[in-house]
Every structure is written in C-alpha cells, then in structure tokens.
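S.K.: I'd like to ask some things about the structure below.
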Amino acid sequence: MPSKPPEITMDAVYTKPGYLFRRMQQIAVSIFIEECREFDLTPVQYAALVAIQNHPGIDATRLSAVIAFDRSTLGSVIERLEVKGHVERKPSAEDKRVKLLYLTRAGAVLLRNIMPFVDRAQARMLAPLKAADRRALMALLSQLVDLNNEVSRVPLRAEDALEHLGKSG
C-alpha cells in the first residue's frame, strides 16, 4: 500500500527566509511611502538621488551598479525624476550618446528636506525590536547581503563603477 505523502501546510511558505524577506520588503516600502508621502518619492528614487548627489556626472549604467538596481528598470526611474525636476541629463563631452546625471537645485532641496522623514521610516521598520536586536539584525542582514552579493540579479558594484567614474569624470 503506497504511503500517504506528507501534508504540506502554509508553514512551508511562512517560515522560509525568502518569504520573510519579501514580506519585510513590502513592509519597508509601505512604511517609506507612508512617511515620505508628501515628497512623492519611492525608495529607489531616493537611492538614485543620493547616489547622483554624491557622484555628479554619473551615467545610468554606473548608477545601476552603485545602487544595485536593474539597469533597464532604472531608465524609467531616472525619467520620472527628470520629469519631476529633480535630475537633469547632460551629454558626455567624450561621447554625446552617453547622458550624465546631475541633481537639480530642486533635487538637492528635496533630499535635504526628506532626510528626517527617511530616518523616521527607517526607525519605524526596526522599532518593534529591542535596541540590541536591531543592531544584531542589521549586522546579520549586512553580512547576508554582502556574502550573497554575487548571486544577485544586480550585484552591488559601487567600487568598480566609481573607480571608472573617477577616471572618466
């Protein structure tokens, strides 16, 4: 008589790290959007603005590497930031086909004004944990992200991207 296959419960989903990471990402984005609502900015747009501010003249390919975000999707993110007046694209002196990204004055003001709201969103994400648990979680998450960087669809390549930017810009 064939044995009955084991029952598969929702614990097969709910207790797995991938599911929990996805849920926390949903929660993190929701909190960010809620706290930063008046600025009409997504977490990826925020990361792009910070990177452009820190690396004026960066191109989209290098920006993708610096913030570890898919290059094809990043184009629409940059477009939205440009339409909102936060970023401007200028042709490269070396290659007119390459557009370099710069923060506008409005983009710089936005970044300055949004920072307390971003900080509050980040604090809210961790608020349910005790201080020691927050530090432990952040250390473990940083370690996991670093050790798994190479298996990402878009590995973080900030050093490589910025090294090249320094040589060409």
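FYI, nothing fancy with the structure tokens labels: chains A, B, ... in order, residues from 1 per chain, ligands from 1 as they appear.
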Residues of range 62-147 of chain A within 12 Å of range 38-47 of chain A: nearest atom pair and distance (Å, one decimal) for each, counting only C-alpha atoms, sorted by chain and number, as CSV?

M.R.:
residue,atom,partner,partner_atom,distance
A:Leu63,CA,A:Ala47,CA,9.7
A:Ser64,CA,A:Ala47,CA,10.4
A:Ala65,CA,A:Ala47,CA,11.9
A:Val66,CA,A:Ala47,CA,9.4
A:Ile67,CA,A:Ala47,CA,6.6
A:Ala68,CA,A:Ala47,CA,9.9
A:Phe69,CA,A:Val44,CA,8.1
A:Asp70,CA,A:Val44,CA,10.6
A:Thr73,CA,A:Val44,CA,10.4
A:Leu74,CA,A:Val44,CA,8.6
A:Gly75,CA,A:Gln45,CA,11.0
A:Ser76,CA,A:Gln45,CA,10.1
A:Val77,CA,A:Gln45,CA,6.3
A:Ile78,CA,A:Gln45,CA,7.7
A:Glu79,CA,A:Gln45,CA,10.3
A:Arg80,CA,A:Gln45,CA,8.5
A:Leu81,CA,A:Gln45,CA,7.1
A:Glu82,CA,A:Gln45,CA,10.7
A:Lys84,CA,A:Asp40,CA,9.4
A:His86,CA,A:Gln45,CA,10.0
A:Val87,CA,A:Gln45,CA,10.5
A:Leu103,CA,A:Tyr46,CA,11.8
A:Ala106,CA,A:Phe39,CA,11.7
A:Gly107,CA,A:Tyr46,CA,10.1
A:Ala108,CA,A:Tyr46,CA,11.3
A:Val109,CA,A:Phe39,CA,11.0
A:Leu110,CA,A:Phe39,CA,7.5
A:Leu111,CA,A:Tyr46,CA,7.8
A:Arg112,CA,A:Tyr46,CA,11.3
A:Asn113,CA,A:Phe39,CA,8.8
A:Ile114,CA,A:Phe39,CA,7.1
A:Met115,CA,A:Tyr46,CA,9.8
A:Pro116,CA,A:Phe39,CA,11.9
A:Phe117,CA,A:Phe39,CA,9.5
A:Val118,CA,A:Tyr46,CA,9.1
A:Ala121,CA,A:Pro43,CA,10.6
A:Gln122,CA,A:Pro43,CA,11.0

S.K.: For the residues in the current selection, export N, CA and C atoms as a tab-separated table (two decimals), in the first residue's frame.

M.R.:
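Below is the file that was written, selection_20.tsv:
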chain	number	residue	atom	x	y	z
A	63	LEU	N	25.26	54.23	-12.25
A	63	LEU	CA	24.27	54.42	-11.19
A	63	LEU	C	23.62	53.09	-10.83
A	64	SER	N	23.31	52.30	-11.83
A	64	SER	CA	22.73	50.97	-11.61
A	64	SER	C	23.65	50.13	-10.73
A	65	ALA	N	24.95	50.18	-10.99
A	65	ALA	CA	25.92	49.41	-10.20
A	65	ALA	C	26.04	49.95	-8.78
A	66	VAL	N	25.96	51.27	-8.63
A	66	VAL	CA	26.13	51.91	-7.32
A	66	VAL	C	24.97	51.61	-6.39
A	67	ILE	N	23.75	51.56	-6.94
A	67	ILE	CA	22.59	51.30	-6.08
A	67	ILE	C	22.07	49.87	-6.23
A	68	ALA	N	22.75	49.06	-7.04
A	68	ALA	CA	22.38	47.65	-7.26
A	68	ALA	C	20.92	47.53	-7.69
A	69	PHE	N	20.61	48.24	-8.79
A	69	PHE	CA	19.25	48.22	-9.30
A	69	PHE	C	19.29	47.93	-10.79
A	70	ASP	N	18.35	47.12	-11.25
A	70	ASP	CA	18.28	46.70	-12.64
A	70	ASP	C	18.36	47.88	-13.61
A	73	THR	N	15.14	48.85	-15.72
A	73	THR	CA	14.09	49.50	-14.93
A	73	THR	C	14.54	50.88	-14.45
A	74	LEU	N	15.83	51.04	-14.25
A	74	LEU	CA	16.36	52.31	-13.76
A	74	LEU	C	16.08	53.45	-14.74
A	75	GLY	N	16.01	53.14	-16.02
A	75	GLY	CA	15.72	54.18	-17.01
A	75	GLY	C	14.42	54.90	-16.72
A	76	SER	N	13.38	54.14	-16.37
A	76	SER	CA	12.10	54.79	-16.07
A	76	SER	C	12.15	55.54	-14.74
A	77	VAL	N	12.95	55.08	-13.81
A	77	VAL	CA	13.14	55.79	-12.53
A	77	VAL	C	13.77	57.16	-12.81
A	78	ILE	N	14.82	57.16	-13.63
A	78	ILE	CA	15.51	58.41	-13.97
A	78	ILE	C	14.56	59.35	-14.73
A	79	GLU	N	13.79	58.78	-15.65
A	79	GLU	CA	12.82	59.59	-16.39
A	79	GLU	C	11.85	60.30	-15.45
A	80	ARG	N	11.31	59.55	-14.48
A	80	ARG	CA	10.37	60.15	-13.54
A	80	ARG	C	11.03	61.25	-12.72
A	81	LEU	N	12.28	61.02	-12.31
A	81	LEU	CA	13.00	62.05	-11.54
A	81	LEU	C	13.25	63.29	-12.39
A	82	GLU	N	13.51	63.07	-13.67
A	82	GLU	CA	13.73	64.20	-14.57
A	82	GLU	C	12.43	64.98	-14.78
A	84	LYS	N	9.98	65.22	-12.76
A	84	LYS	CA	9.68	65.92	-11.52
A	84	LYS	C	10.61	67.11	-11.28
A	86	HIS	N	13.94	66.88	-10.55
A	86	HIS	CA	14.96	66.60	-9.53
A	86	HIS	C	16.32	66.25	-10.12
A	87	VAL	N	16.32	65.83	-11.39
A	87	VAL	CA	17.54	65.37	-12.04
A	87	VAL	C	17.56	65.95	-13.45
A	103	LEU	N	22.03	66.30	-10.13
A	103	LEU	CA	20.93	66.73	-9.29
A	103	LEU	C	20.63	68.19	-9.61
A	106	ALA	N	16.35	71.85	-7.21
A	106	ALA	CA	15.13	71.31	-6.58
A	106	ALA	C	15.38	69.92	-6.01
A	107	GLY	N	16.18	69.12	-6.71
A	107	GLY	CA	16.51	67.78	-6.21
A	107	GLY	C	17.33	67.84	-4.94
A	108	ALA	N	18.26	68.78	-4.89
A	108	ALA	CA	19.08	68.94	-3.67
A	108	ALA	C	18.23	69.39	-2.50
A	109	VAL	N	17.30	70.29	-2.75
A	109	VAL	CA	16.40	70.77	-1.69
A	109	VAL	C	15.52	69.62	-1.22
A	110	LEU	N	15.00	68.85	-2.16
A	110	LEU	CA	14.17	67.69	-1.81
A	110	LEU	C	14.94	66.73	-0.91
A	111	LEU	N	16.17	66.41	-1.29
A	111	LEU	CA	16.97	65.48	-0.47
A	111	LEU	C	17.17	66.02	0.94
A	112	ARG	N	17.49	67.28	1.04
A	112	ARG	CA	17.70	67.89	2.35
A	112	ARG	C	16.41	67.82	3.19
A	113	ASN	N	15.28	68.10	2.56
A	113	ASN	CA	14.01	68.13	3.28
A	113	ASN	C	13.48	66.74	3.64
A	114	ILE	N	13.78	65.75	2.82
A	114	ILE	CA	13.21	64.42	3.04
A	114	ILE	C	13.97	63.62	4.11
A	115	MET	N	15.21	63.99	4.38
A	115	MET	CA	16.05	63.19	5.27
A	115	MET	C	15.42	62.85	6.62
A	116	PRO	N	14.81	63.80	7.33
A	116	PRO	CA	14.20	63.43	8.62
A	116	PRO	C	13.07	62.41	8.45
A	117	PHE	N	12.36	62.48	7.33
A	117	PHE	CA	11.26	61.55	7.08
A	117	PHE	C	11.81	60.15	6.75
A	118	VAL	N	12.88	60.11	5.99
A	118	VAL	CA	13.53	58.83	5.68
A	118	VAL	C	14.06	58.20	6.96
A	121	ALA	N	11.24	56.74	8.85
A	121	ALA	CA	10.78	55.49	8.23
A	121	ALA	C	11.71	54.34	8.61
A	122	GLN	N	13.01	54.57	8.53
A	122	GLN	CA	13.98	53.52	8.86
A	122	GLN	C	13.84	53.10	10.33

S.K.: To test your reading of the structure, identify every residue in chain A that backbone DSSP assigns to helix (DSSP H, G or I), and report it as a PyMOL selection string.

M.R.: chain A and resi 11-14+17-35+37-39+43-54+60-67+71-83+105-126+131-147+149-151+158-168

S.K.: As an exercise, work out the distance from CA of Ala12 in chain A to CA of Asn149 in chain A in Å and give it to one decimal place.

M.R.: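 Pair CA of Ala12 in chain A / CA of Asn149 in chain A returns 25.5 Å.
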
S.K.: What separation in Å, quoted to one decimal, exists between CA of Val50 in chain A and CA of Arg37 in chain A?

M.R.: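 Rounded to one decimal, the two atoms are 17.8 Å apart.
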
S.K.: Determine which residues of range 26-143 of chain A DSSP labels as strand (DSSP E) from the backbone of this structure, then write them out as a PyMOL selection string.

M.R.: chain A and resi 58-59+87-91+99-103

S.K.: Please produce a file of the residues just selected, as a PDB file, in the first residue's frame, where the atoms kept are N, CA and C atoms.

M.R.:
ATOM      1  N   ILE A  58      27.446  61.007 -12.971  1.00  0.00           N
ATOM      2  CA  ILE A  58      27.402  59.553 -13.115  1.00  0.00           C
ATOM      3  C   ILE A  58      26.446  59.214 -14.263  1.00  0.00           C
ATOM      4  N   ASP A  59      26.747  58.155 -14.994  1.00  0.00           N
ATOM      5  CA  ASP A  59      25.822  57.732 -16.048  1.00  0.00           C
ATOM      6  C   ASP A  59      24.917  56.633 -15.493  1.00  0.00           C
ATOM      7  N   VAL A  87      16.317  65.826 -11.385  1.00  0.00           N
ATOM      8  CA  VAL A  87      17.537  65.366 -12.044  1.00  0.00           C
ATOM      9  C   VAL A  87      17.559  65.948 -13.451  1.00  0.00           C
ATOM     10  N   GLU A  88      18.762  66.241 -13.923  1.00  0.00           N
ATOM     11  CA  GLU A  88      18.901  66.612 -15.329  1.00  0.00           C
ATOM     12  C   GLU A  88      19.970  65.743 -15.971  1.00  0.00           C
ATOM     13  N   ARG A  89      19.757  65.479 -17.259  1.00  0.00           N
ATOM     14  CA  ARG A  89      20.717  64.692 -18.039  1.00  0.00           C
ATOM     15  C   ARG A  89      21.441  65.625 -18.998  1.00  0.00           C
ATOM     16  N   LYS A  90      22.750  65.459 -19.045  1.00  0.00           N
ATOM     17  CA  LYS A  90      23.563  66.253 -19.969  1.00  0.00           C
ATOM     18  C   LYS A  90      24.450  65.286 -20.762  1.00  0.00           C
ATOM     19  N   PRO A  91      24.677  65.578 -22.032  1.00  0.00           N
ATOM     20  CA  PRO A  91      25.535  64.694 -22.818  1.00  0.00           C
ATOM     21  C   PRO A  91      26.983  64.726 -22.322  1.00  0.00           C
ATOM     22  N   LYS A  99      24.480  59.952 -21.514  1.00  0.00           N
ATOM     23  CA  LYS A  99      23.915  61.058 -20.746  1.00  0.00           C
ATOM     24  C   LYS A  99      24.396  60.960 -19.307  1.00  0.00           C
ATOM     25  N   LEU A 100      24.905  62.056 -18.800  1.00  0.00           N
ATOM     26  CA  LEU A 100      25.384  62.127 -17.426  1.00  0.00           C
ATOM     27  C   LEU A 100      24.311  62.761 -16.560  1.00  0.00           C
ATOM     28  N   LEU A 101      24.223  62.298 -15.333  1.00  0.00           N
ATOM     29  CA  LEU A 101      23.138  62.701 -14.437  1.00  0.00           C
ATOM     30  C   LEU A 101      23.634  63.678 -13.377  1.00  0.00           C
ATOM     31  N   TYR A 102      22.823  64.702 -13.182  1.00  0.00           N
ATOM     32  CA  TYR A 102      23.123  65.722 -12.190  1.00  0.00           C
ATOM     33  C   TYR A 102      21.857  66.038 -11.408  1.00  0.00           C
ATOM     34  N   LEU A 103      22.030  66.296 -10.135  1.00  0.00           N
ATOM     35  CA  LEU A 103      20.925  66.730  -9.291  1.00  0.00           C
ATOM     36  C   LEU A 103      20.628  68.192  -9.608  1.00  0.00           C
TER      37      LEU A 103
END
